[in-house]
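Colleague: Structure below; questions to follow.
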Amino acid sequence: MELLRYILRRMILSAFVVVGVTFLVFIVAQVVPSDPAALYAGPRPTAEQIEKARQELNLDAPLPARFATFAGAMASGDFGISYKSRRLIAEDLRAYLPATLELAVFSTGLALLIGIPLGVVAAARQGRWPDRLGSLGSIAAVAMPTFFLAMLLQLVFAQWLGILPLSGRLSREISIAAPLPVVTNFAMIDALLAGRLDAFVDAVKHLILPALTLASYPAGVAMRLTRSAMIEILERRHVVAARALGLSEPRILFGHALPNAMGPALTVIGLSFAYALTGAVLVEIIFAWPGLGRYVSEAILAKDFPVIAAVTMVVTICYVAMNLLIDIAQALVDPRVALS
Amino acid sequence: MPLIDIRDLSVSIPTPDGDVHAVRSVSLEIERGEIHGVIGESGCGKTMTGMAVLGLVPKGARITAERFHFDGEDLREKAQSLRGRHIGLISQDPAAALNPVLSIARQMDDVIRAHRDLPRKARRAEAASLLAATGLPDPERVLKSYPHQLSGGMQQRVVIAQALATGADFLIADEPTTALDVSVGAQVLALLRRLVAERGLTVLMITHDMDVIAEACDRATVLYAGRSVETGPVEAVLNRPGHPYTRALLAALPDAAPHGARLAAIEGSIPPPRSAIAGCAFAPRCPQAMPVCAAEPPPERVRGTHRWLCHLPEDAA
Ligand SMILES: Nc1ncnc2c1ncn2[C@@H]1O[C@H](COP(=O)(O)OP(=O)(O)O)[C@@H](O)[C@H]1O
Ligand code: SF4
Ligand SMILES: [Mg+2]
C-alpha cells in the first residue's frame with residue numbers, strides 16, 4: 001500500500017519533469033531561433049516558402065497555443081522534419097534509439113554486475129590485497145579516457161586475440177549476406193524473432209566491447225560507493241547479530257549487508273545511464289555504433305533544432321523512466337524509502 | 001563440569017593511544033540450566049566478555065585466559081563453530097539487531113536455513129512456531145512485517161526467536177530489557193525464564209540493573225573495571241554482599257533509599273580502561289578503603305559458593 005502510493009507519487013513527479021522539459025525544449029526550438037520558419041524552409045528559401053513554413057509551424061499563433069500544438073506533436077511521436085536532411089525525425093529515431101538503448105542498458109547492467117560485487121569484496125577484505133587491487137582498478141577505470149580504453153580493448157580483443165569484432169552492430173556476413181528482417185531495430189530482439197541464433201550471438205559479440213568501454217567509469221564509481229557504504233554497514237549491530245546467529249559470510253555480505261548498501265550505487269548508475277544515451281559520442285564513433293550521440297552531435301553542429309528537440313525529448317523520457325525504475329528498485333530493496 | 005568455565009580472562013584491544021583493557025580478569029562459572037547474571041556499571045567489560053565467548057572481539061584484540069571453556073571445549077579454538085550452533089546472542093537494542101531492509105520472514109528463514117536442512121514450507125512453519133513460542137500473538141502477520149513495523153517488545157521477541165532458531169542451548173542476553181519499557185521488559189524476562197525452564201537453556205544475562213538480577217537470575221557475578229569482583233547465588237549476593245562495590249550498587253537502587261531521599265549514586269567513576277591497576281580497582285571510590293587496597297591485589301574471600309575479592313576480612317562483610 002505504502003509502496004503503491006510511493007510509486008504513484010514518483011510517477012506524478014516524473015510527469016511534471018517531462019512537461020517541464022517539454023517546455024524548455026519548446027523555448028529552445030521555437031522561441032529562441034530568430035526565424036525558425038527560415039530555418040525550416042531550407043537553404044535559400046523564397047518568401048513564399050518561408051510563409052508556408054510559418055503556417056506549418058503555426059508561428060503566428062499565441063505562445064500558449066503554439067506550446068500546446070508542440071506538446072501534442074511530441075506526445076504523438078510527430079517530431080517533424082530535420083532541417084538538414086529533410087527526413088522524418090521519427091524515422092531516424094526508430095533506427096538510432098534502439099542502438100543507443102542497447103548500449104546504454106547493457107553498459108549500465110555491466111557496471112552494476114562488475115562494480116557492486118567488487119565493492120562488496122573490497123569492503124569485506126578492507127586493507128588487504130583484494131581491496132588494494134580493487135581500489136587501484138577502480139581509479140584506473142574512472143580515470144582512463146573512454147576513447148583510450150576503447151582503443152585498448154579493440155587492440156587486445158579484436159586485433160590480438162581476435163575473439164571479438166572490431167566495430168559495428170552486426171557482421172557483414174549477416175547484415176549483407178543474410179540480413180535480419182527489421183522489426184524492432186534491436187538487433188538481438190530481431191534475431192530472436194527471426195529465430196536466428198547465429199545473428200543473436202553475433203549481435204551480443206558486437207555489443208561487448210562498446211558496452212564494456214562505457215561501463216568502465218560507472219563501474220569504478222559504483223565500486224567505490226558500494227565499498228564505502230558496505231564498510232559502514234558491516235559495523236552495524238545487525239551484521240554482528242547475523243554473525244552471532246551463525247549465518248555464512250557470503251550470505252551476510254550479499255544477503256544482509258548489501259541490500260542496506262545499494263542506494264548510492266543505484267543512484268550513480270542512473271546518472272551513467274543518462275550519460276550513455278547521448279554522451280557516448282566518442283565510443284559510438286570508435287565502434288561505428290549508429291547511436292543517438294552521433295546523430296545529435298551532427299544536429300548540434302548544423303543547428304538542426306527539430307532534431308535537437310526530438311532527441312532531448314526522447315532522452316528525457318528514457319532518463320525519467322530509468323529514474324522511476326531506480327526509485328522503485330530502491331523502495332523494493334528498502335521498505336523504509338517508501339515511508340519518507 | 002560447568003557449561004561455561006572461564007578463569008582469568010582478559011581482552012585487550014590495541015588502539016593508537018595504547019591498549020584498551022576491556023576485560024582484565026574475569027572468572028565465570030555457569031552451570032547448565034541456570035540464568036547467570038553479570039552486573040556492573042557501563043564500561044566494566046560485560047559486553048566484551050560476552051563477545052569473547054562468541055568469538056566476536058574487535059579485529060586485533062588479544063584474548064588470554066587460564067581457562068576459557070564451553071562444555072569442555074576451548075573457546076579460543078572453537079568459538080567460530082560454536083557460535084550460532086550452541087551459543088546465541090540476544091543483544092541490547094532489538095531495533096539495531098534486526099536488519100531494517102529485510103522482512104522478518106527472510107531473517108527467520110536465513111537463520112533456520114543456516115542450521116537445518118528443511119524444505120521451504122517446513123522452514124516457514126518452523127519460523128511461525130518459534131515466533132509463537134516467544135509469545136507473539138499473530139506470527140503470520142509478524143513474518144510479513146519489517147522491523148520498523150513492530151514495537152520494541154515484539155522486536156525483542158523476534159530476536160529471541162532467531163536465537164532459538166539456531167538451536168543454541170546457551171544464550172548470551174546483553175541487556176535484553178534496557179531498550180524496552182519497564183512492563184515490556186518484565187514480560188521479556190518472564191519469557192526468558194519460561195524458555196529456560198521449558199527448553200533447558202542456559203543464559204548469561206548481562207545487565208546494569210540489580211532488579212533484573214533479583215527478578216530473573218539464579219546466580220550473579222559482579223564486574224568492576226574488567227574484573228569479576230564477586231560471584232555467588234543471587235540471594236547471597238543481594239542479601240549478604242561481600243564486596244563494597246556490590247553494596248554500593250545495591251544502595252544506589254531507588255527502593256533502597258528511604259522514600260523521598262536522594263538516590264545514592266556511586267560517587268566517582270570507573271578507572272580509565274587504558275590505565276594499569278596495581279591493587280583493588282575500586283579503592284579510589286571505596287568508603288572502606290585502607291592503605292593496602294591501592295597497592296596490593298585483594299585476596300579471595302569464600303563463603304560456600306559465594307566468593308569475592310577484598311582486603312576487608314570476611315566477617316566485616
Ligand atoms: N572496539 C573497541 N575498541 C576499543 N575499546 C573498546 C571497544 N569496545 C569496547 N571498548 C572499551 O572496552 C571497555 C568495556 O566495554 P564493554 O564491554 O562494552 O562494557 P559494558 O558492556 O560493561 O558497558 C570500555 O571501556 C569500552 O570503551
Ligand atoms: S579491597 Fe579495599 S578498596 Fe577494594 S573493595 Fe575491598 S576494602 Fe574497598
Ligand atoms: Mg554493554
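Order determines the names: the first chain of the C-alpha cells is A, the second B, and so forth; residues in each chain are numbered 1 upward, and ligands are numbered 1 upward as they are shown.
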If the limit is 8 Å from any atom of ligand 3, counting only C-alpha atoms and all ligand atoms, which residues qualify? Return them as a count of residues only.
Modeller: 11
Colleague: Please return, as number ranges by chain, all residues of chain A lying within 12 Å of chain B when only C-alpha atoms are considered.
Modeller: A: 126, 233-252, 255-263, 330-339
Colleague: Mind dumping a table of every chain B residue within 10 Å of ligand 1, with the nearest atom pair and its distance in Å to one decimal, using only C-alpha atoms and all ligand atoms, sorted by chain and rising number, as JSON lines?
Modeller:
{"residue": "B:Val11", "atom": "CA", "partner": "ligand 1", "partner_atom_place_in_ligand_line": "12 (O)", "distance": 8.7}
{"residue": "B:Ser12", "atom": "CA", "partner": "ligand 1", "partner_atom_place_in_ligand_line": "12 (O)", "distance": 8.3}
{"residue": "B:Ile13", "atom": "CA", "partner": "ligand 1", "partner_atom_place_in_ligand_line": "4 (C)", "distance": 5.7}
{"residue": "B:Pro14", "atom": "CA", "partner": "ligand 1", "partner_atom_place_in_ligand_line": "4 (C)", "distance": 7.5}
{"residue": "B:Thr15", "atom": "CA", "partner": "ligand 1", "partner_atom_place_in_ligand_line": "4 (C)", "distance": 6.8}
{"residue": "B:Gly18", "atom": "CA", "partner": "ligand 1", "partner_atom_place_in_ligand_line": "4 (C)", "distance": 9.9}
{"residue": "B:Asp19", "atom": "CA", "partner": "ligand 1", "partner_atom_place_in_ligand_line": "4 (C)", "distance": 8.2}
{"residue": "B:Val20", "atom": "CA", "partner": "ligand 1", "partner_atom_place_in_ligand_line": "5 (N)", "distance": 5.5}
{"residue": "B:His21", "atom": "CA", "partner": "ligand 1", "partner_atom_place_in_ligand_line": "12 (O)", "distance": 6.4}
{"residue": "B:Ala22", "atom": "CA", "partner": "ligand 1", "partner_atom_place_in_ligand_line": "12 (O)", "distance": 3.6}
{"residue": "B:Val23", "atom": "CA", "partner": "ligand 1", "partner_atom_place_in_ligand_line": "14 (C)", "distance": 6.6}
{"residue": "B:Arg24", "atom": "CA", "partner": "ligand 1", "partner_atom_place_in_ligand_line": "14 (C)", "distance": 9.7}
{"residue": "B:Val38", "atom": "CA", "partner": "ligand 1", "partner_atom_place_in_ligand_line": "22 (O)", "distance": 9.1}
{"residue": "B:Ile39", "atom": "CA", "partner": "ligand 1", "partner_atom_place_in_ligand_line": "22 (O)", "distance": 8.0}
{"residue": "B:Gly40", "atom": "CA", "partner": "ligand 1", "partner_atom_place_in_ligand_line": "22 (O)", "distance": 6.4}
{"residue": "B:Glu41", "atom": "CA", "partner": "ligand 1", "partner_atom_place_in_ligand_line": "22 (O)", "distance": 6.2}
{"residue": "B:Ser42", "atom": "CA", "partner": "ligand 1", "partner_atom_place_in_ligand_line": "23 (O)", "distance": 3.5}
{"residue": "B:Gly43", "atom": "CA", "partner": "ligand 1", "partner_atom_place_in_ligand_line": "19 (O)", "distance": 3.5}
{"residue": "B:Cys44", "atom": "CA", "partner": "ligand 1", "partner_atom_place_in_ligand_line": "22 (O)", "distance": 3.9}
{"residue": "B:Gly45", "atom": "CA", "partner": "ligand 1", "partner_atom_place_in_ligand_line": "17 (O)", "distance": 3.2}
{"residue": "B:Lys46", "atom": "CA", "partner": "ligand 1", "partner_atom_place_in_ligand_line": "22 (O)", "distance": 3.7}
{"residue": "B:Thr47", "atom": "CA", "partner": "ligand 1", "partner_atom_place_in_ligand_line": "21 (O)", "distance": 3.6}
{"residue": "B:Met48", "atom": "CA", "partner": "ligand 1", "partner_atom_place_in_ligand_line": "17 (O)", "distance": 3.6}
{"residue": "B:Thr49", "atom": "CA", "partner": "ligand 1", "partner_atom_place_in_ligand_line": "17 (O)", "distance": 6.3}
{"residue": "B:Gly50", "atom": "CA", "partner": "ligand 1", "partner_atom_place_in_ligand_line": "17 (O)", "distance": 7.9}
{"residue": "B:Met51", "atom": "CA", "partner": "ligand 1", "partner_atom_place_in_ligand_line": "17 (O)", "distance": 8.1}
{"residue": "B:Ala52", "atom": "CA", "partner": "ligand 1", "partner_atom_place_in_ligand_line": "17 (O)", "distance": 9.6}
{"residue": "B:Val57", "atom": "CA", "partner": "ligand 1", "partner_atom_place_in_ligand_line": "1 (N)", "distance": 7.6}
{"residue": "B:Pro58", "atom": "CA", "partner": "ligand 1", "partner_atom_place_in_ligand_line": "1 (N)", "distance": 5.3}
{"residue": "B:Lys59", "atom": "CA", "partner": "ligand 1", "partner_atom_place_in_ligand_line": "1 (N)", "distance": 8.1}
{"residue": "B:Gly60", "atom": "CA", "partner": "ligand 1", "partner_atom_place_in_ligand_line": "1 (N)", "distance": 9.7}
{"residue": "B:Ala61", "atom": "CA", "partner": "ligand 1", "partner_atom_place_in_ligand_line": "3 (N)", "distance": 8.6}
{"residue": "B:Gln92", "atom": "CA", "partner": "ligand 1", "partner_atom_place_in_ligand_line": "21 (O)", "distance": 9.8}
{"residue": "B:Asp174", "atom": "CA", "partner": "ligand 1", "partner_atom_place_in_ligand_line": "21 (O)", "distance": 7.9}
{"residue": "B:Glu175", "atom": "CA", "partner": "ligand 1", "partner_atom_place_in_ligand_line": "21 (O)", "distance": 8.7}
{"residue": "B:Ile206", "atom": "CA", "partner": "ligand 1", "partner_atom_place_in_ligand_line": "21 (O)", "distance": 7.9}
{"residue": "B:Thr207", "atom": "CA", "partner": "ligand 1", "partner_atom_place_in_ligand_line": "22 (O)", "distance": 8.4}
{"residue": "B:His208", "atom": "CA", "partner": "ligand 1", "partner_atom_place_in_ligand_line": "22 (O)", "distance": 8.0}
{"residue": "B:Leu223", "atom": "CA", "partner": "ligand 1", "partner_atom_place_in_ligand_line": "22 (O)", "distance": 7.9}
{"residue": "B:Tyr224", "atom": "CA", "partner": "ligand 1", "partner_atom_place_in_ligand_line": "22 (O)", "distance": 8.6}
{"residue": "B:Ala225", "atom": "CA", "partner": "ligand 1", "partner_atom_place_in_ligand_line": "14 (C)", "distance": 8.0}
{"residue": "B:Gly226", "atom": "CA", "partner": "ligand 1", "partner_atom_place_in_ligand_line": "14 (C)", "distance": 7.0}
{"residue": "B:Ile270", "atom": "CA", "partner": "ligand 1", "partner_atom_place_in_ligand_line": "25 (O)", "distance": 9.1}
{"residue": "B:Pro271", "atom": "CA", "partner": "ligand 1", "partner_atom_place_in_ligand_line": "25 (O)", "distance": 9.0}
{"residue": "B:Pro272", "atom": "CA", "partner": "ligand 1", "partner_atom_place_in_ligand_line": "25 (O)", "distance": 6.9}
{"residue": "B:Pro273", "atom": "CA", "partner": "ligand 1", "partner_atom_place_in_ligand_line": "25 (O)", "distance": 4.9}
{"residue": "B:Arg274", "atom": "CA", "partner": "ligand 1", "partner_atom_place_in_ligand_line": "25 (O)", "distance": 8.0}
Colleague: Please identify every polymer residue within 10 Å of ligand 2, using only C-alpha atoms and all ligand atoms, and present the set as a PDB file with N, CA and C atoms, in the first residue's frame.
Modeller:
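Okay, this is what ended up in pocket-v9.pdb:
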ATOM      1  N   VAL B 229      34.550  -9.265  40.573  1.00  0.00           N
ATOM      2  CA  VAL B 229      34.941  -8.997  41.956  1.00  0.00           C
ATOM      3  C   VAL B 229      34.094  -9.772  42.955  1.00  0.00           C
ATOM      4  N   GLY B 242      29.392  -9.289  49.699  1.00  0.00           N
ATOM      5  CA  GLY B 242      30.704  -9.269  50.313  1.00  0.00           C
ATOM      6  C   GLY B 242      31.528  -8.064  49.888  1.00  0.00           C
ATOM      7  N   HIS B 243      31.407  -7.676  48.645  1.00  0.00           N
ATOM      8  CA  HIS B 243      32.281  -6.624  48.116  1.00  0.00           C
ATOM      9  C   HIS B 243      31.649  -5.238  48.313  1.00  0.00           C
ATOM     10  N   PRO B 244      32.424  -4.278  48.754  1.00  0.00           N
ATOM     11  CA  PRO B 244      31.866  -2.924  48.934  1.00  0.00           C
ATOM     12  C   PRO B 244      31.242  -2.355  47.656  1.00  0.00           C
ATOM     13  N   TYR B 245      31.746  -2.760  46.487  1.00  0.00           N
ATOM     14  CA  TYR B 245      31.162  -2.258  45.232  1.00  0.00           C
ATOM     15  C   TYR B 245      29.747  -2.796  45.057  1.00  0.00           C
ATOM     16  N   THR B 246      29.557  -4.071  45.372  1.00  0.00           N
ATOM     17  CA  THR B 246      28.216  -4.656  45.279  1.00  0.00           C
ATOM     18  C   THR B 246      27.276  -3.934  46.246  1.00  0.00           C
ATOM     19  N   ARG B 247      27.772  -3.666  47.433  1.00  0.00           N
ATOM     20  CA  ARG B 247      26.947  -2.943  48.413  1.00  0.00           C
ATOM     21  C   ARG B 247      26.576  -1.563  47.886  1.00  0.00           C
ATOM     22  N   GLY B 279      46.463  -2.475  42.658  1.00  0.00           N
ATOM     23  CA  GLY B 279      45.727  -3.128  43.737  1.00  0.00           C
ATOM     24  C   GLY B 279      44.281  -3.338  43.388  1.00  0.00           C
ATOM     25  N   CYS B 280      43.386  -2.937  44.308  1.00  0.00           N
ATOM     26  CA  CYS B 280      41.950  -3.048  44.069  1.00  0.00           C
ATOM     27  C   CYS B 280      41.490  -1.865  43.225  1.00  0.00           C
ATOM     28  N   ALA B 281      40.828  -2.146  42.112  1.00  0.00           N
ATOM     29  CA  ALA B 281      40.426  -1.087  41.190  1.00  0.00           C
ATOM     30  C   ALA B 281      39.386  -0.165  41.814  1.00  0.00           C
ATOM     31  N   PHE B 282      38.685  -0.639  42.837  1.00  0.00           N
ATOM     32  CA  PHE B 282      37.608   0.139  43.437  1.00  0.00           C
ATOM     33  C   PHE B 282      38.130   1.082  44.534  1.00  0.00           C
ATOM     34  N   ALA B 283      39.404   0.941  44.883  1.00  0.00           N
ATOM     35  CA  ALA B 283      39.955   1.683  46.018  1.00  0.00           C
ATOM     36  C   ALA B 283      39.649   3.186  45.992  1.00  0.00           C
ATOM     37  N   PRO B 284      39.807   3.884  44.840  1.00  0.00           N
ATOM     38  CA  PRO B 284      39.561   5.345  44.860  1.00  0.00           C
ATOM     39  C   PRO B 284      38.128   5.711  45.233  1.00  0.00           C
ATOM     40  N   ARG B 285      37.176   4.791  45.065  1.00  0.00           N
ATOM     41  CA  ARG B 285      35.778   5.112  45.339  1.00  0.00           C
ATOM     42  C   ARG B 285      35.263   4.401  46.587  1.00  0.00           C
ATOM     43  N   CYS B 286      36.083   3.543  47.186  1.00  0.00           N
ATOM     44  CA  CYS B 286      35.575   2.665  48.243  1.00  0.00           C
ATOM     45  C   CYS B 286      35.527   3.388  49.580  1.00  0.00           C
ATOM     46  N   PRO B 287      34.365   3.419  50.248  1.00  0.00           N
ATOM     47  CA  PRO B 287      34.276   4.094  51.543  1.00  0.00           C
ATOM     48  C   PRO B 287      35.097   3.391  52.625  1.00  0.00           C
ATOM     49  N   GLN B 288      35.445   2.115  52.396  1.00  0.00           N
ATOM     50  CA  GLN B 288      36.168   1.361  53.426  1.00  0.00           C
ATOM     51  C   GLN B 288      37.620   1.113  53.045  1.00  0.00           C
ATOM     52  N   ALA B 289      38.115   1.847  52.033  1.00  0.00           N
ATOM     53  CA  ALA B 289      39.462   1.579  51.532  1.00  0.00           C
ATOM     54  C   ALA B 289      40.503   1.770  52.631  1.00  0.00           C
ATOM     55  N   MET B 290      41.533   0.922  52.576  1.00  0.00           N
ATOM     56  CA  MET B 290      42.656   1.002  53.515  1.00  0.00           C
ATOM     57  C   MET B 290      43.911   1.242  52.694  1.00  0.00           C
ATOM     58  N   PRO B 291      45.008   1.618  53.337  1.00  0.00           N
ATOM     59  CA  PRO B 291      46.236   1.879  52.568  1.00  0.00           C
ATOM     60  C   PRO B 291      46.648   0.697  51.689  1.00  0.00           C
ATOM     61  N   VAL B 292      46.460  -0.524  52.175  1.00  0.00           N
ATOM     62  CA  VAL B 292      46.914  -1.681  51.415  1.00  0.00           C
ATOM     63  C   VAL B 292      46.126  -1.864  50.112  1.00  0.00           C
ATOM     64  N   CYS B 293      44.907  -1.339  50.088  1.00  0.00           N
ATOM     65  CA  CYS B 293      43.990  -1.626  48.979  1.00  0.00           C
ATOM     66  C   CYS B 293      44.548  -1.208  47.622  1.00  0.00           C
ATOM     67  N   ALA B 294      45.117   0.022  47.542  1.00  0.00           N
ATOM     68  CA  ALA B 294      45.590   0.527  46.255  1.00  0.00           C
ATOM     69  C   ALA B 294      46.886  -0.151  45.831  1.00  0.00           C
ATOM     70  N   ALA B 295      47.565  -0.774  46.789  1.00  0.00           N
ATOM     71  CA  ALA B 295      48.895  -1.295  46.491  1.00  0.00           C
ATOM     72  C   ALA B 295      48.888  -2.773  46.096  1.00  0.00           C
ATOM     73  N   GLU B 296      48.047  -3.550  46.756  1.00  0.00           N
ATOM     74  CA  GLU B 296      48.131  -4.995  46.525  1.00  0.00           C
ATOM     75  C   GLU B 296      46.810  -5.558  46.050  1.00  0.00           C
ATOM     76  N   PRO B 297      46.857  -6.537  45.135  1.00  0.00           N
ATOM     77  CA  PRO B 297      45.610  -7.163  44.696  1.00  0.00           C
ATOM     78  C   PRO B 297      44.915  -7.828  45.885  1.00  0.00           C
ATOM     79  N   PRO B 298      43.604  -7.622  45.986  1.00  0.00           N
ATOM     80  CA  PRO B 298      42.886  -8.156  47.142  1.00  0.00           C
ATOM     81  C   PRO B 298      42.787  -9.678  47.093  1.00  0.00           C
ATOM     82  N   PRO B 299      42.777 -10.321  48.254  1.00  0.00           N
ATOM     83  CA  PRO B 299      42.648 -11.782  48.312  1.00  0.00           C
ATOM     84  C   PRO B 299      41.202 -12.237  48.129  1.00  0.00           C
ATOM     85  N   GLU B 300      41.015 -13.506  47.830  1.00  0.00           N
ATOM     86  CA  GLU B 300      39.668 -14.031  47.643  1.00  0.00           C
ATOM     87  C   GLU B 300      39.064 -14.408  48.990  1.00  0.00           C
ATOM     88  N   TRP B 308      34.277 -13.425  46.844  1.00  0.00           N
ATOM     89  CA  TRP B 308      34.565 -12.058  46.413  1.00  0.00           C
ATOM     90  C   TRP B 308      36.016 -11.703  46.681  1.00  0.00           C
ATOM     91  N   LEU B 309      36.466 -10.621  46.108  1.00  0.00           N
ATOM     92  CA  LEU B 309      37.855 -10.180  46.242  1.00  0.00           C
ATOM     93  C   LEU B 309      37.894  -8.887  47.033  1.00  0.00           C
ATOM     94  N   CYS B 310      38.487  -8.924  48.233  1.00  0.00           N
ATOM     95  CA  CYS B 310      38.536  -7.704  49.044  1.00  0.00           C
ATOM     96  C   CYS B 310      39.565  -7.871  50.157  1.00  0.00           C
ATOM     97  N   HIS B 311      40.173  -6.736  50.500  1.00  0.00           N
ATOM     98  CA  HIS B 311      41.127  -6.773  51.614  1.00  0.00           C
ATOM     99  C   HIS B 311      40.416  -6.829  52.956  1.00  0.00           C
ATOM    100  N   LEU B 312      39.152  -6.425  53.001  1.00  0.00           N
ATOM    101  CA  LEU B 312      38.420  -6.500  54.268  1.00  0.00           C
ATOM    102  C   LEU B 312      38.248  -7.967  54.654  1.00  0.00           C
ATOM    103  N   PRO B 313      38.412  -8.274  55.915  1.00  0.00           N
ATOM    104  CA  PRO B 313      38.196  -9.664  56.332  1.00  0.00           C
ATOM    105  C   PRO B 313      36.746 -10.082  56.123  1.00  0.00           C
ATOM    106  N   ALA B 316      33.810  -8.867  58.215  1.00  0.00           N
ATOM    107  CA  ALA B 316      33.459  -7.451  58.132  1.00  0.00           C
ATOM    108  C   ALA B 316      32.399  -7.223  57.061  1.00  0.00           C
ATOM    109  N   ALA B 317      32.213  -8.202  56.200  1.00  0.00           N
ATOM    110  CA  ALA B 317      31.273  -8.028  55.102  1.00  0.00           C
ATOM    111  C   ALA B 317      29.844  -8.166  55.588  1.00  0.00           C
TER     112      ALA B 317
END
Colleague: Could you tell me which of A:Ala265, A:Val320, A:Leu110, A:Val307 comes closest to Leu93 (chain A) if we count only C-alpha atoms?
Modeller: A:Val307
Colleague: Could you jot down the CA of Leu212 (chain A) to CA of Ala321 (chain A) separation for me, Å, one decimal place?
Modeller: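 If I compute the distance from CA of Leu212 (chain A) to CA of Ala321 (chain A), I get 23.0 Å.
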Colleague: Grab the CA of Arg120 (chain B) to CA of Ala133 (chain B) distance for me, in Å with one decimal place.
Modeller: 19.9 Å
Colleague: Using only C-alpha atoms, which of the listed residues (A:Thr213, A:Leu324, A:Phe79, A:Ala65) sits closest to Ile12 (chain A)?
Modeller: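 Among A:Thr213, A:Leu324, A:Phe79, A:Ala65, it is A:Leu324 that comes nearest to Ile12 (chain A).
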Colleague: I need the residues of region 3-83 of chain B that end up classed as strand (DSSP E) by DSSP on the backbone, written out as a PyMOL selection string.
Modeller: chain B and resi 4-13+20-30+35-39+62-64+67-70+73-74
Colleague: May I ask which of the residues B:Leu136, B:Ala220, B:Ile266, B:Ile6 is the closest one to His306 (chain B), counting only C-alpha atoms?
Modeller: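 Using only C-alpha atoms, the shortest distance to His306 (chain B) belongs to B:Ala220.
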Colleague: If you run DSSP on this backbone, which residues of region 49-239 of chain B come out as helix (DSSP H, G or I), and could you give them as a ChimeraX atom specification?
Modeller: /B:49-54,75-82,94-97,104-115,120-133,139-144,147-149,152-165,182-199,210-216,234-239
